[in-house]
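Report on one structure; see the data block that follows.
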Amino acid sequence: MAEAADIQGTGPSPARRWLRRTITVAFGAPLLAGLLQAPAVASPAIAAEEGTGSRTVDVSLDTLTPNTPVEGDTVTVTGTVTNRGKKTVTDATVDLRVGPRMTSRSEIEQVTGRTGYRYDSDPAVLEDGPTVRIPRLGAGLSADFSLSVPVSDLGLDDAGVYQLGVSLTGDTSDQGSDRVLGIERTFLPYQPEATRKKTQLTYLWPLISSSHVSAETATDDQQTPVFEDDALAAELRPGGRLDQLVALGKDLPVTWVLDPDLLATVDAMANGYRVKDGTLHVPGKNKDVAEQWLNALEKAVQGREVVALPFADPDLASLAHHGKDVPGSLGHLQSATDLAGTTVETVLHLRPSTDFAWPVEGAVDPSIVAVATSAGADKVIARSDSVRDDLSYTPTAARPLGNGSTTAVVSDAVLSTTFDGDMVRAEGSTLAVQEFLAQSLAITLEQPEDQRSVVVAPQRTPTVAQAQSMATALQGLSAKRWSQPLGLVAAAAAKPDPDASTAVPSTSRYPKKLRARELPVQAFRDMKTTRDELDDFKIVLEQPERVVAPFGNAINREMSVSWRGQVRAALVYRSNVLEYLQGLTKSVQLVDKSDLTLSGRSATIPVTVQNKLLQGVDHLVLRLTSGNKNRLEVNGEGFAELPVKINGGHSQSVKFTASANVNGQVPMTAQLYTEDGTPYGQPMTFNVKVSEMTPTVMLVIAGGVLLLVLAGVRMYTQRKRIAARNAEAEAAEAEAEEPAEGEADGDGADGDGPSGDEPEQPSDPTPDTGSESGGPSGPGEKVDR
């Protein structure tokens, strides 16, 4: 750098410059012929790495002011030259080159990014232009330069775009000839007077970020949101990305394009939030930062046109290619669209336009257009490298698309991607700004008698450096000499060019690089699982809105464009949402029950339901089912159902009446259901042991005992009757056999002994025959016993 301190000067005399150019032409012609006859030439990439030929020295253009000069201005170019070669550069000069007027946009594109000096197309050194001498530049060393020249000396004959170059010409020890060792090109748009017809330019200014809010909320009444991280604060702080977008955009003629989720997130921060820290939730520390940013944004957008994308900026292409066949996925897009306007109006107190859909990089196909318009948006922001026009000029952006029911606002691909690169280096920003301004002027000069509307849709999340470069370019158009600002709504309503393309590109033309970064089908299946569980959960809650809102927003965030290229992070976010929801549903559960023994012929079986939620649950039914209703019945059937309603933080014991029929063990199953019959949670099983006499058995035994008692009573009555008859018979017989007074007893009679015909037992029957003999019976005599 010390060598550069003495190199500023007015440059060599005109005679010396003329002699140098003559020598260059004399030696350059044979050299060019030799190059054309050479069988192979090193590629530009290899030459740049090796630092040879006209790429030996890297020329960097750091500033160009003013970027849209008029008569009376002085153009100043500053930059740096760096020796990338292995040899020392000696006797070098840095010169300014101004080329002829460029006639088309394609010519500008051909020059953009070109490296190395080209004898056939690069302009000559400006006559009597400024020159900086560099006597010596060692390998790897750099030197600064500054070149200034009045506009009147640039030789700009007519209005238009001119190529402007800065080159270094010098010698090296291995090749002593004076030649171009490095060059850099840019563009100088020159329009000293306003054109009769100005191009209407619509520039979208996006305020979009990634998702930061989880589905979790604190246990307080305000449901304080819980953030996955506190990274958004860095974008909101002074100097941060979002802070710079607001600070720059407030003074620019742009259409603000907002993701309502970003507004909702910052608003949540401003009202108090918590952040995950492992398993804990700690208070957020950037409440003031969020408040300041919201206040600045509200002031910046007042009276300006604001377009709200669907909530959380859903990935329309992913939804169209992978999600539309998963039931319910399109419903999320509708809810996200409905939520967009409400969110912006609540936070910023203005009504935005919500009928625009913006697919990633404006790439469309039939399925994307169908999905984009399914939620009510009738305008699609496409891009000209997707909807291509085979025209020699740039047509108006708006045109009917497909069957005419959808309006396509086709942004200009070149202008929209000008600031996609690295704008941190001053040279990158300067070249991008000059290219943008040159292209915008070239559009106007294509058909100067026709006014057209051009839309610029830049990258969704520009960096600070990119935003600053965009702002510089728009400030360069502030004089409105060839363009004037126009809002997006008006641009969409502009009269279409009859020759502009209205065909929707085929699916086969959708860029593979974009398709490779889309959300997979499994992502939408995960969303469906979460949504189904949420639907089952919300119907049992007394305050379902406390759950539906945070989880519905979380599912919308799962579909965000911001997850592109972040497969693992997106999966973790979806898993966290589902796991948290399942944890809440399990807070309403059946308490495990141990096996029990049934005492008595009937008993009560209690089943406990626990509610750990902060709110009450209702519309639940508890069903208890017997595994063997022949042994054990519940409420007289094989199963019974009872309603369940429990306050938050409480438990309820639901009691069922059971009746036992047979001894033994019976498995029982308890299961919660919603009122529509959908199972809720997991079933709980336990066993009931029946060991007591059941009513049926008792009845059988009682019946048997009664029969025995009745039989005994009958036998006793019969015996008593027989005994009475026998007693009467004996009395009559004794009276008949008693002898008259003085008569002797018969032979062989024993007056003291009993008669042989008397019954031996009181119950024995009386003989049918009379007493004939006291001795034994003769043979063949019948005796009744």
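To be explicit about the labels: the chains of the structure tokens are called A, B, and onward in the order shown, and within each one the residues are counted from 1, while ligands get numbers from 1 in the order they are shown.
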
Checklist entry - Can you tell me, as a list in words, what residues are no more than 8 Å from Ser318 (chain A) when counting only C-alpha atoms, ignoring any on the same chain fewer than 2 positions away? => result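 Counting only the stated atoms, we get Asp315, Leu316, Ala320, His321, His322, Gly323, Arg515, Glu518, Leu519 and Pro520 of chain A.
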
Next on the checklist: Taking the DSSP secondary structure from the backbone, can you list the residues of region 75-199 of chain A that are alpha helix (DSSP H), as number ranges by chain?
Outcome noted: A: 105-111

Item to check | Residue among A:Arg383, A:Arg185, A:Arg631, A:Ile722 lying closest to Gln110 (chain A), counting only C-alpha atoms | outcome: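 Closest to Gln110 (chain A), using only C-alpha atoms: A:Arg185.
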
Item to check | Distance in Å - CA of Arg101 (chain A) versus CA of Arg55 (chain A) | outcome: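 Answer for the CA of Arg101 (chain A) to CA of Arg55 (chain A) separation: 25.5 Å.
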
Item to check | Near-Leu319 (chain A) list (12 Å; only C-alpha atoms; drop same-chain fewer than 6 positions) as a PyMOL selection string | outcome: chain A and resi 313+325-333+359-360+367-372+374+515+518-525+527+556+558-561

Next on the checklist: One number please: CA of Ala570 (chain A) to CA of Leu339 (chain A), in Å, one decimal.
Outcome noted: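 Computing the Euclidean distance for CA of Ala570 (chain A) and CA of Leu339 (chain A) yields 22.2 Å.
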
Item to check | All residues 9 Å or closer to Arg452 (chain A), only C-alpha atoms, same chain fewer than 3 positions away omitted, as number ranges by chain | outcome: A: 197-201, 394-397, 443-444, 447, 494, 497
